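In what follows, a single structure is set out as structure tokens and then discussed.
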Amino acid sequence: MHVTQIRIQNYKSVKDSGWVPIEDDITTLLGRNESGKTSFLEAIRYFDEDREIQERELYDGQEYPEDHSVPIANLRVELTSEAVDRFSRAKRDLAPGDEIIATKYSDGTRELATPRGKELGEYVDPIKQAQETVEEMWQELNKLRNQHSGNYRNHFDNQIKQPANRLRNNDPNENQAKSWIDNLLDGLKDIPEEDNEITDAKESWINEIEDTRDILARMDEEEDSGILLPPIVYHSGFDTISDDVQVNSIDSDDHRTFRNLLEIVDLDYDNFDNLDYHDQNQALETAGGTIRGQVNELWKQKEVDVDISYRDNRFMVGIKDTALGYDGESKGVSRTLKRPSDRSKGFQWFFSFYINLRAETNNEESPNQLILLDDPAVFLHPEGKKNWLKAIEELSESAQIIYSSHSPFLIRKEYPNRIRVVEDREPDGTVVTDDFHTSDEMTLEPLRNALGIGLGDSPFVSKRKILVEGVSDYDILTGLANYYRDYLENDILAWDEITIMPTNGGNNMIQAAKWVASEEFSYVLLLDNDQKGKEVIQEIEEQHHEIDTDRAILLTKEDDERNFNIEIEDIFDPVFYIDCVNTAYQDQFNDFEPLDIEQHNEHWLIEGYEYKGRKIVNRIEDAFDDRNYGDLDKILVASEIQDRLTNNRDISESDVEGFKRILGQVRNLT
């Protein structure tokens with residue numbers, strides 16, 4: 001299952017964010033400091049916790065009911081077949097692919113409903129309940145442990161402590177929780193009965209934990225067990241890995257990162273002492289090679305060697321650069337192993353980040369976690385931030401990731417659909433929108449501050465620019481650049497070196513062109529081949545000699561000598577474009593009837609309207625007028641096109657064949 005939309009209300013600076021679309025892989029919250037990014041993420045984080053929202057945390061300036069039950073976080077979730085199976089018979093009308101809305105209230109309660117308002121009852125998470133029971137047990141038995149010596153204390157340390165800590169300190173899936181509960185029960189039943197206080201506690205907690213185990217065991221069968229929503233994992237920072245750790249301390253909170261390292265390399269630290277010397281060395285060598293390969297695949301600044309060793313019941317980790325080199329050439333000077341704490345803060349952070357997130361997304365039995373990262377990678381150099389982005393791309397294959405940032409180097413220009421702009425607006429409070437082209441200028445200020453550092457790394461900064469008329473042109477060209485580079489192996493635009501800049505119309509393009517020319521950027525103006533486009537070129541020729549008219553290109557079609565009235569939509573295969581219109585509108589409107597297109601001699605008929613390769617948008621709007629649909633939403637359709645191109649979905653090379661010449665022309669001029 002996965003989250004499709006999130007809405008935050010009544011929390012800190014967020015009065016009502018509105019429904020914010022969440023991508024299947026990565027969603028980026030972009031905004032300046034104090035805009036409300038952290039508040040948005042925190043409210044999502046608290047959905048997965050039973051805590052009440054304090055009065056001081058509520059949005060100022062509003063009156064709230066005395067029962068303190070105001071909505072805080074709303075998650076819209078698409079159900080899998082496994083999730084549907086967890087509902088009771090009263091809710092069996094739900095099917096895989098249906099959506100539910102889960103709401104967290106300020107009093108700590110959570111409720112489920114369908115998008116149409118049908119109530120599905122209160123959300124209950126049996127695993128959370130099990131952890132709360134174990135926490136209560138821990139407090140009592142650990143207190144007894146500190147009050148007694150001898151057999152009980154030893155038994156507690158050897159048989160109770162580890163499974164209890166695993167349940168207390170982790171976010172287990174069903175199978176893990178059941179296994180650890182079973183281990184805990186075995187330990188409880190074997191507690192030595194040294195006095196009445198210990199005996200009473202033993203019997204009491206055996207009964208409590210058995211009840212908890214029964215609830216977990218029935219989760220797949222019990223009708224009223226509810227639904228498990230995607231687990232939510234929040235990080236505002238990462239515990240850096242320790243240099244070494246004693247085996248009997250691995251399960252403590254202080255060594256979470258080291259424990260995760262050993263788990264992701266499949267090193268069984270519980271039974272490591274039972275291996276002979278040869279098997280220990282082989283296991284350590286395999287573990288070191290595994291993490292070394294994973295880290296070097298992502299950390300491109302320097303190749304590193306990672307070594308995991310074991311001595312005197314203690315695991316240690318060492319890291320070294322494989323060689324010193326300048327200008328990309330190895331000088332053959334080897335470095336010695338160093339402790340993680342001796343490395344740069346940026347590398348320590350990246351190494352620890354990767355270990356922890358890999359551990360959290362490596363669980364096949366708990367897929368589609370929702371991972372929240374608040375302002376990550378602040379310690380990394382711009383080149384390190386590129387490495388971080390690559391790591392995020394990899395991890396998003398098994399989890400949904402939402403992260404906030406105000407760094408231009410943590411944004412992928414290839415995926416503008418991932419950007420959500422966060423702004424603090426008076427009197428509305430924090431507002432989140434996916435239309436970053438019309439956002440507050442100050443929101444994009446951090447990107448401007450990066451001028452001169454890694455130009456071309458952000459969506460807005462580059463020494464080579466393509467100026468286009470609108471957002472739909474931006475989306476289409478972005479998708480084309482991705483498709484040609486990633487799937488046709490033809491980086492036709494030199495994508496890493498250019499920026500596409502929407503100007504909101506031909507008139508604004510002249511002002512934008514004057515600016516890029518004055519900054520000595522290399523640029524191209526890409527204009528619709530219509531009356532407005534010709535007027536823009538004429539005005540440049542007559543009034544704006546600082547703009548090179550040779551860099552102004554009117555769209556043309558190679559197979560049509562009559563190129564006047566050509567828009568970017570006309571360069572696609574018309575069947576493909578109509579299919580994108582139908583898909584985009586059917587996704588938004590359940591009652592939308594698909595448009596029909598058929599070839600007739602040398603032209604096409606779109607719902608009976610003749611289309612000869614020019615102004616397909618006008619023919620579509622003629623058909624829309626007949627149905628009272630209004631004007632065509634070109635941005636909606638362009639977003640569908642970009643998604644297909646970027647993900648190589650329902651697309652063939654012939655659908656975009658017409659763009660080859662015009663994109664080559666753009667490349668030559670920039």
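By convention here, the chains of the structure tokens are called A, B, ... in the order presented, each chain's residues are numbered starting at 1, and ligands are numbered starting at 1 in the order presented.
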
Long-range neighbours of segment 538-550 of chain A as a PyMOL selection string, 12 Å cut-off, only C-alpha atoms, 5 positions minimum in chain: chain A and resi 506-507+509-527+531-533+665-666+668-670

Shell around Gln642 of chain A at 6 Å using only C-alpha atoms, local window under 3 positions removed, as a PyMOL selection string: chain A and resi 475-476+479+639+645-646

Could the residues of segment 25-134 of chain A that have an atom at most 12 Å from segment 189-208 of chain A be listed as CSV, each with its closest atom pair and the distance in Å to one decimal, counting only C-alpha atoms and ordered by chain and ascending residue number?
```
residue,atom,partner,partner_atom,distance
A:Gln129,CA,A:Glu208,CA,11.5
A:Ala130,CA,A:Glu208,CA,9.7
A:Gln131,CA,A:Glu208,CA,11.9
A:Glu132,CA,A:Glu208,CA,11.3
A:Thr133,CA,A:Glu208,CA,7.6
A:Val134,CA,A:Glu208,CA,9.0
```

Separation of atom CA of Arg314 of chain A from atom CA of Asp270 of chain A, in Å and rounded to one decimal: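 So the answer is 11.9 Å.
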
Residue list (strand (DSSP E or B), DSSP) for segment 334-449 of chain A, as a VMD selection string: chain A and resid 338 369 to 373 399 to 405 419 to 425 429 to 433

Residues as selected, C-alpha atoms, written as a PDB file, in the first residue's frame, can you do that?
```pdb
ATOM      1  CA  LYS A 338      40.899   4.911  10.726  1.00  0.00           C
ATOM      2  CA  GLN A 369       7.284   2.565   4.498  1.00  0.00           C
ATOM      3  CA  LEU A 370       6.799   6.319   4.605  1.00  0.00           C
ATOM      4  CA  ILE A 371      10.177   7.823   5.490  1.00  0.00           C
ATOM      5  CA  LEU A 372      10.335  11.480   6.552  1.00  0.00           C
ATOM      6  CA  LEU A 373      13.680  13.325   6.442  1.00  0.00           C
ATOM      7  CA  ALA A 399       9.813   3.049   0.396  1.00  0.00           C
ATOM      8  CA  GLN A 400       8.113   6.391  -0.103  1.00  0.00           C
ATOM      9  CA  ILE A 401      10.421   9.207   0.945  1.00  0.00           C
ATOM     10  CA  ILE A 402       9.483  12.792   1.805  1.00  0.00           C
ATOM     11  CA  TYR A 403      12.314  15.160   2.601  1.00  0.00           C
ATOM     12  CA  SER A 404      12.520  18.890   3.202  1.00  0.00           C
ATOM     13  CA  SER A 405      15.313  21.103   1.934  1.00  0.00           C
ATOM     14  CA  ILE A 419       8.752  19.399  -5.920  1.00  0.00           C
ATOM     15  CA  ARG A 420       6.265  20.799  -3.389  1.00  0.00           C
ATOM     16  CA  VAL A 421       6.783  24.437  -2.469  1.00  0.00           C
ATOM     17  CA  VAL A 422       6.163  25.335   1.173  1.00  0.00           C
ATOM     18  CA  GLU A 423       5.304  28.962   1.923  1.00  0.00           C
ATOM     19  CA  ASP A 424       4.116  30.868   4.979  1.00  0.00           C
ATOM     20  CA  ARG A 425       1.350  33.111   3.675  1.00  0.00           C
ATOM     21  CA  GLY A 429      -0.351  30.096   7.455  1.00  0.00           C
ATOM     22  CA  THR A 430       1.742  27.376   5.835  1.00  0.00           C
ATOM     23  CA  VAL A 431       0.563  26.437   2.357  1.00  0.00           C
ATOM     24  CA  VAL A 432       1.990  23.601   0.254  1.00  0.00           C
ATOM     25  CA  THR A 433       1.646  23.617  -3.520  1.00  0.00           C
TER      26      THR A 433
END
```

Contact residues around segment 48-56 of chain A with only C-alpha atoms at 10 Å, ignoring same-chain residues under 4 positions, as a PyMOL selection string: chain A and resi 11-12+43-44+60+64+68-70+72+104-110+125+128-129+229-234

Would you save the residues of that selection, restricted to C-alpha atoms, as an mmCIF file, in the first residue's frame?
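Wrote result.cif, looks like this:
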```
data_model
loop_
_atom_site.group_PDB
_atom_site.id
_atom_site.type_symbol
_atom_site.label_atom_id
_atom_site.label_comp_id
_atom_site.auth_asym_id
_atom_site.auth_seq_id
_atom_site.Cartn_x
_atom_site.Cartn_y
_atom_site.Cartn_z
ATOM 1 C CA TYR A 11 -0.741 22.134 13.753
ATOM 2 C CA LYS A 12 1.777 24.879 14.644
ATOM 3 C CA ALA A 43 2.439 16.303 12.016
ATOM 4 C CA ILE A 44 2.810 13.300 9.695
ATOM 5 C CA ASP A 60 -2.788 30.030 16.843
ATOM 6 C CA TYR A 64 -11.043 24.587 19.453
ATOM 7 C CA HIS A 68 -9.602 18.571 22.123
ATOM 8 C CA SER A 69 -10.580 16.445 19.117
ATOM 9 C CA VAL A 70 -9.555 18.466 16.078
ATOM 10 C CA ILE A 72 -4.283 17.134 12.673
ATOM 11 C CA LYS A 104 -5.221 11.582 13.467
ATOM 12 C CA TYR A 105 -6.961 13.861 15.995
ATOM 13 C CA SER A 106 -5.356 16.087 18.595
ATOM 14 C CA ASP A 107 -6.603 13.845 21.432
ATOM 15 C CA GLY A 108 -4.475 10.994 20.072
ATOM 16 C CA THR A 109 -7.267 8.965 18.464
ATOM 17 C CA ARG A 110 -7.170 7.826 14.845
ATOM 18 C CA ASP A 125 -2.167 -1.029 15.590
ATOM 19 C CA LYS A 128 2.149 -0.698 18.894
ATOM 20 C CA GLN A 129 -0.053 -2.206 21.589
ATOM 21 C CA LEU A 229 -1.087 1.541 7.567
ATOM 22 C CA PRO A 230 2.369 2.076 6.048
ATOM 23 C CA PRO A 231 4.922 2.401 8.861
ATOM 24 C CA ILE A 232 6.112 5.988 9.326
ATOM 25 C CA VAL A 233 9.796 6.611 10.068
ATOM 26 C CA TYR A 234 10.931 10.155 10.938
#
```

Surrounding residues of Val304 of chain A excluding itself and chain neighbours under 5 positions, 8 Å, only C-alpha atoms, as a PyMOL selection string: chain A and resi 292+296+319-322

Interatomic distance, atom CA of Ile22 of chain A to atom CA of Gln5 of chain A (Å, one decimal):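 Calculated distance between atom CA of Ile22 of chain A and atom CA of Gln5 of chain A is 5.2 Å.
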
Residue list (helix (DSSP H, G or I), DSSP) for segment 426-610 of chain A, as a ChimeraX atom specification: /A:436-438,441-448,471-486,495-497,506-518,531-543,549-551,568-571,574-588

Limited to C-alpha atoms, could you put the picked residues into a file as a short mmCIF file (atom, residue, chain, number, x, y, z; two decimals), in the first residue's frame?
```
data_model
loop_
_atom_site.label_atom_id
_atom_site.label_comp_id
_atom_site.auth_asym_id
_atom_site.auth_seq_id
_atom_site.Cartn_x
_atom_site.Cartn_y
_atom_site.Cartn_z
CA PHE A 436 6.59 25.84 -7.97
CA HIS A 437 6.65 28.04 -11.08
CA THR A 438 4.31 30.56 -9.41
CA GLU A 441 10.32 34.56 -5.05
CA MET A 442 11.91 34.21 -1.61
CA THR A 443 11.17 30.49 -1.63
CA LEU A 444 13.56 30.09 -4.55
CA GLU A 445 16.19 32.44 -3.12
CA PRO A 446 18.42 29.61 -1.82
CA LEU A 447 18.73 28.40 -5.39
CA ARG A 448 19.88 31.77 -6.59
CA VAL A 471 4.81 25.29 -17.77
CA SER A 472 3.40 22.72 -20.20
CA ASP A 473 6.39 23.30 -22.54
CA TYR A 474 8.69 22.89 -19.51
CA ASP A 475 7.11 19.57 -18.52
CA ILE A 476 7.21 18.21 -22.05
CA LEU A 477 10.85 19.14 -22.70
CA THR A 478 11.88 17.77 -19.30
CA GLY A 479 10.25 14.44 -20.15
CA LEU A 480 11.84 14.39 -23.61
CA ALA A 481 15.30 15.08 -22.18
CA ASN A 482 14.85 12.22 -19.68
CA TYR A 483 13.52 9.83 -22.33
CA TYR A 484 16.21 10.47 -24.93
CA ARG A 485 19.03 10.27 -22.36
CA ASP A 486 17.82 7.36 -20.20
CA TRP A 495 20.77 17.34 -19.99
CA ASP A 496 23.29 17.75 -17.17
CA GLU A 497 24.46 21.07 -18.58
CA GLY A 506 5.84 35.17 -25.27
CA ASN A 507 5.81 38.72 -23.87
CA ASN A 508 7.68 37.69 -20.74
CA MET A 509 10.18 35.73 -22.81
CA ILE A 510 11.69 38.94 -24.14
CA GLN A 511 12.45 40.20 -20.63
CA ALA A 512 13.87 36.82 -19.65
CA ALA A 513 16.00 36.74 -22.79
CA LYS A 514 17.40 40.19 -22.01
CA TRP A 515 18.41 38.97 -18.54
CA VAL A 516 20.15 35.77 -19.69
CA ALA A 517 21.91 37.69 -22.46
CA SER A 518 23.17 40.31 -19.99
CA GLN A 531 1.21 34.84 -34.87
CA LYS A 532 2.38 35.57 -31.31
CA GLY A 533 5.68 33.78 -31.85
CA LYS A 534 6.38 35.73 -35.04
CA GLU A 535 5.53 38.99 -33.26
CA VAL A 536 8.04 38.20 -30.49
CA ILE A 537 10.81 37.66 -33.05
CA GLN A 538 9.85 40.82 -34.92
CA GLU A 539 9.96 42.87 -31.69
CA ILE A 540 13.38 41.47 -30.86
CA GLU A 541 14.67 42.36 -34.34
CA GLU A 542 13.33 45.90 -34.14
CA GLN A 543 13.80 46.88 -30.48
CA THR A 549 17.61 36.62 -33.09
CA ASP A 550 19.45 33.59 -34.41
CA ARG A 551 18.78 32.03 -31.01
CA ILE A 568 4.65 21.85 -29.19
CA GLU A 569 1.66 19.51 -28.83
CA ASP A 570 1.52 19.17 -32.64
CA ILE A 571 4.95 17.54 -32.82
CA PRO A 574 -1.55 12.66 -32.63
CA VAL A 575 -2.79 9.24 -31.45
CA PHE A 576 -0.27 9.38 -28.61
CA TYR A 577 -1.30 12.90 -27.61
CA ILE A 578 -5.01 12.09 -27.62
CA ASP A 579 -4.30 9.00 -25.51
CA CYS A 580 -2.47 11.22 -22.99
CA VAL A 581 -5.44 13.60 -22.91
CA ASN A 582 -7.81 10.70 -22.25
CA THR A 583 -5.64 9.22 -19.50
CA ALA A 584 -5.03 12.55 -17.77
CA TYR A 585 -8.71 13.48 -17.75
CA GLN A 586 -9.96 10.02 -16.77
CA ASP A 587 -7.61 10.08 -13.77
CA GLN A 588 -9.18 13.38 -12.68
#
```

Å distance separating atom CA of Gln246 of chain A from atom CA of Asn146 of chain A, one decimal place: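 Taking atom CA of Gln246 of chain A as the start and atom CA of Asn146 of chain A as the end point, the length is 21.2 Å.
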
Spatial neighbours of Gly117 of chain A, max dist 12 Å, only C-alpha atoms, sep filter under 2 positions, as a list in words: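 The residues satisfying every condition are Glu99, Ile100, Ile101, Ala102, Thr103, Glu111, Leu112, Ala113, Thr114, Pro115, Glu119, Leu120 and Gly121 of chain A.
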
File of the preceding selection, C-alpha atoms, as a tab-separated table (two decimals), in the first residue's frame:
```
chain	number	residue	atom	x	y	z
A	99	GLU	CA	-8.54	4.35	-1.04
A	100	ILE	CA	-9.21	5.16	2.59
A	101	ILE	CA	-8.59	8.33	4.57
A	102	ALA	CA	-6.95	7.89	7.96
A	103	THR	CA	-7.25	10.87	10.33
A	111	GLU	CA	-10.11	6.99	12.62
A	112	LEU	CA	-10.61	5.48	9.18
A	113	ALA	CA	-13.13	6.45	6.53
A	114	THR	CA	-13.66	6.17	2.80
A	115	PRO	CA	-13.16	9.30	0.64
A	119	GLU	CA	-16.80	5.53	8.64
A	120	LEU	CA	-14.67	2.43	9.10
A	121	GLY	CA	-13.96	2.74	12.80
```

Residue contacts of Ile127 of chain A (12 Å, only C-alpha atoms) excluding same-chain residues fewer than 3 positions away, as a PyMOL selection string: chain A and resi 48-49+124+130-134+167-168+170-178+180-181+212-219+225-229+231

Generate the output file for the selected residues, C-alpha atoms, as a PDB file, in the first residue's frame.
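selection-v1.pdb, written as the output of this step:
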```pdb
ATOM      1  CA  ASP A  48       2.006   6.915  13.945  1.00  0.00           C
ATOM      2  CA  GLU A  49       2.193   7.761  17.642  1.00  0.00           C
ATOM      3  CA  VAL A 124      -5.713   0.200  16.089  1.00  0.00           C
ATOM      4  CA  ALA A 130       2.406  -5.079  21.986  1.00  0.00           C
ATOM      5  CA  GLN A 131       5.300  -2.633  22.365  1.00  0.00           C
ATOM      6  CA  GLU A 132       3.421  -0.682  25.038  1.00  0.00           C
ATOM      7  CA  THR A 133       2.787  -3.902  26.992  1.00  0.00           C
ATOM      8  CA  VAL A 134       6.456  -4.894  26.754  1.00  0.00           C
ATOM      9  CA  LEU A 167      10.708  -4.853  20.743  1.00  0.00           C
ATOM     10  CA  ARG A 168      11.195  -1.579  22.623  1.00  0.00           C
ATOM     11  CA  ASN A 170      12.699  -1.052  16.841  1.00  0.00           C
ATOM     12  CA  ASP A 171       9.717  -0.835  14.484  1.00  0.00           C
ATOM     13  CA  PRO A 172       9.160  -4.548  13.838  1.00  0.00           C
ATOM     14  CA  ASN A 173       6.969  -6.075  11.180  1.00  0.00           C
ATOM     15  CA  GLU A 174       4.480  -8.793  12.113  1.00  0.00           C
ATOM     16  CA  ASN A 175       6.856 -11.733  11.831  1.00  0.00           C
ATOM     17  CA  GLN A 176       9.619  -9.987  13.770  1.00  0.00           C
ATOM     18  CA  ALA A 177       7.195  -8.975  16.536  1.00  0.00           C
ATOM     19  CA  LYS A 178       5.834 -12.529  16.823  1.00  0.00           C
ATOM     20  CA  TRP A 180      10.614 -11.618  19.556  1.00  0.00           C
ATOM     21  CA  ILE A 181       7.467 -12.079  21.672  1.00  0.00           C
ATOM     22  CA  THR A 212      -0.313 -10.036  23.375  1.00  0.00           C
ATOM     23  CA  ARG A 213       1.102 -12.963  21.412  1.00  0.00           C
ATOM     24  CA  ASP A 214      -2.410 -14.269  20.751  1.00  0.00           C
ATOM     25  CA  ILE A 215      -3.465 -10.899  19.335  1.00  0.00           C
ATOM     26  CA  LEU A 216      -0.465 -10.841  16.989  1.00  0.00           C
ATOM     27  CA  ALA A 217      -1.047 -14.468  15.980  1.00  0.00           C
ATOM     28  CA  ARG A 218      -4.633 -13.655  14.983  1.00  0.00           C
ATOM     29  CA  MET A 219      -3.754 -10.557  12.958  1.00  0.00           C
ATOM     30  CA  SER A 225      -7.969  -6.476  13.869  1.00  0.00           C
ATOM     31  CA  GLY A 226      -8.157  -3.361  11.718  1.00  0.00           C
ATOM     32  CA  ILE A 227      -5.599  -2.326   9.099  1.00  0.00           C
ATOM     33  CA  LEU A 228      -1.899  -1.702   9.350  1.00  0.00           C
ATOM     34  CA  LEU A 229      -1.087   1.541   7.567  1.00  0.00           C
ATOM     35  CA  PRO A 231       4.922   2.401   8.861  1.00  0.00           C
TER      36      PRO A 231
END
```

For Phe347 of chain A: contacts at 9 Å, only C-alpha atoms, fewer than 6 positions along chain excluded, given as a list in words: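 Listed by chain and then number, they are Trp299, Pro340, Phe379, Leu380 and Gly384 of chain A.
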
For C-alpha atoms, I'd like the residues from the last selection saved as a PDB file, in the first residue's frame.
```pdb
ATOM      1  CA  TRP A 299      30.066   7.808  -2.436  1.00  0.00           C
ATOM      2  CA  PRO A 340      34.751   6.480  11.773  1.00  0.00           C
ATOM      3  CA  PHE A 379      26.971  18.474   6.405  1.00  0.00           C
ATOM      4  CA  LEU A 380      27.678  17.435   2.840  1.00  0.00           C
ATOM      5  CA  GLY A 384      28.348  14.758  -1.511  1.00  0.00           C
TER       6      GLY A 384
END
```
